[in-house]
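Asker: Provided herewith is a single structure, encoded as structure tokens, for subsequent inquiry.
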Amino acid sequence: MSDIDLDELRSELDDFAEPEKKGGRSPREERIIAGFEEIQRFVEKHRRAPQHGEDRDIFERMYAARLDRMRALEECRSLLAPLDHQGLLSGAEIVAVESAQTLDDDELLAELEGAAGGIT
């Protein structure tokens, strides 16, 4: 049997080691973030926050309940605040922005004149 150098063996076994966790988040925090990201995707797709109601899709109602809970818990608000680029945690109404590509030239000009306060 050959002599085994422990340092050499360790370096070979390091290739099979699990990668170290980055960010140091708990599994619960990861689930909260993943759930919030699902809600954000819903908002991006539908251009509005999920709403309660029996006439709504089951997933929308689930997202609405989840968002209410996230808003109620300080732990969730502090964790998600840096990720909340849509203002979902504040409860502000989401305004759908019409794409400039769908406006024709005259409509775009009228929008720009309105934004400039009529100054030409």
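Residue numbering restarts at 1 for every chain of the structure tokens, chains are lettered A, B, ... in their displayed order, and ligands are numbered from 1 as they appear.
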Contacts of A:Glu29 at 12 Å or less, counting only C-alpha atoms, minus same-chain residues fewer than 2 places along, as a count of residues only?

Answerer: 18

Asker: Just want the 12 Å neighbourhood of A:Phe59, counted on only C-alpha atoms, with same-chain residues fewer than 5 positions away dropped. Output as a PyMOL selection string.

Answerer: chain A and resi 35+38-39+42+50-54+64-66

Asker: Any chance you could export the current selection's C-alpha atoms as a short mmCIF file (atom, residue, chain, number, x, y, z; two decimals), in the first residue's frame?

Answerer:
```cif
data_model
loop_
_atom_site.label_atom_id
_atom_site.label_comp_id
_atom_site.auth_asym_id
_atom_site.auth_seq_id
_atom_site.Cartn_x
_atom_site.Cartn_y
_atom_site.Cartn_z
CA GLY A 35 -43.11 33.41 -2.75
CA GLU A 38 -43.98 34.62 -7.68
CA ILE A 39 -46.22 37.55 -6.73
CA PHE A 42 -47.95 37.84 -11.44
CA PRO A 50 -53.37 39.97 -6.98
CA GLN A 51 -56.87 40.37 -5.58
CA HIS A 52 -59.21 38.38 -3.37
CA GLY A 53 -62.57 37.13 -4.62
CA GLU A 54 -64.32 33.98 -5.64
CA ALA A 64 -53.33 37.94 -2.55
CA ALA A 65 -53.47 36.10 0.79
CA ARG A 66 -49.69 35.62 0.78
#
```

Asker: Just the number, please: distance in Å from atom CA of A:Glu113 to atom CA of A:Gln86, one decimal.

Answerer: 26.8 Å

Asker: Please measure the separation of atom CA of A:Asp55 and atom CA of A:Ala72, giving the value in Å to one decimal.

Answerer: 24.5 Å

Asker: Enumerate, as a PyMOL selection string, the complete set of residues in stretch 32-97 of chain A that a backbone-based DSSP assignment places in helix (DSSP H, G or I).

Answerer: chain A and resi 32-46+58-72+74-83

Asker: With a distance cut-off of 12 Å and only C-alpha atoms, select the neighbouring residues of A:His85, excluding the residue or stretch itself and same-chain residues fewer than 2 positions from it, and output the selection as a list in words.

Answerer: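 Contacts, with the query itself left out: Phe36, Glu37, Gln40, Arg41, Val43, Glu44, Leu80, Ala81, Pro82, Leu83, Gly87, Leu88, Leu89, Ser90, Ala92 and Ile94 of chain A.
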
Asker: Keeping only C-alpha atoms, take the residues you just selected and write them out as an mmCIF file, in the first residue's frame.

Answerer:
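In the end it all went to selection.cif:
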```cif
data_model
loop_
_atom_site.group_PDB
_atom_site.id
_atom_site.type_symbol
_atom_site.label_atom_id
_atom_site.label_comp_id
_atom_site.auth_asym_id
_atom_site.auth_seq_id
_atom_site.Cartn_x
_atom_site.Cartn_y
_atom_site.Cartn_z
ATOM 1 C CA PHE A 36 -42.653 37.151 -3.158
ATOM 2 C CA GLU A 37 -40.947 36.654 -6.516
ATOM 3 C CA GLN A 40 -43.917 39.937 -8.606
ATOM 4 C CA ARG A 41 -44.154 37.773 -11.737
ATOM 5 C CA VAL A 43 -47.853 41.646 -11.230
ATOM 6 C CA GLU A 44 -45.555 41.910 -14.246
ATOM 7 C CA LEU A 80 -38.357 41.923 1.159
ATOM 8 C CA ALA A 81 -38.010 45.719 1.162
ATOM 9 C CA PRO A 82 -34.823 45.707 -0.965
ATOM 10 C CA LEU A 83 -36.568 43.498 -3.549
ATOM 11 C CA GLY A 87 -44.190 48.920 -4.220
ATOM 12 C CA LEU A 88 -46.209 45.837 -3.310
ATOM 13 C CA LEU A 89 -45.445 45.937 0.401
ATOM 14 C CA SER A 90 -46.734 49.490 0.756
ATOM 15 C CA ALA A 92 -49.900 51.267 -3.322
ATOM 16 C CA ILE A 94 -50.124 49.488 -9.351
#
```

Asker: Hey, can you check how far atom CA of A:Glu30 sits from atom CA of A:Asp84?

Answerer: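 Value for the atom CA of A:Glu30-atom CA of A:Asp84 distance: 15.2 Å.
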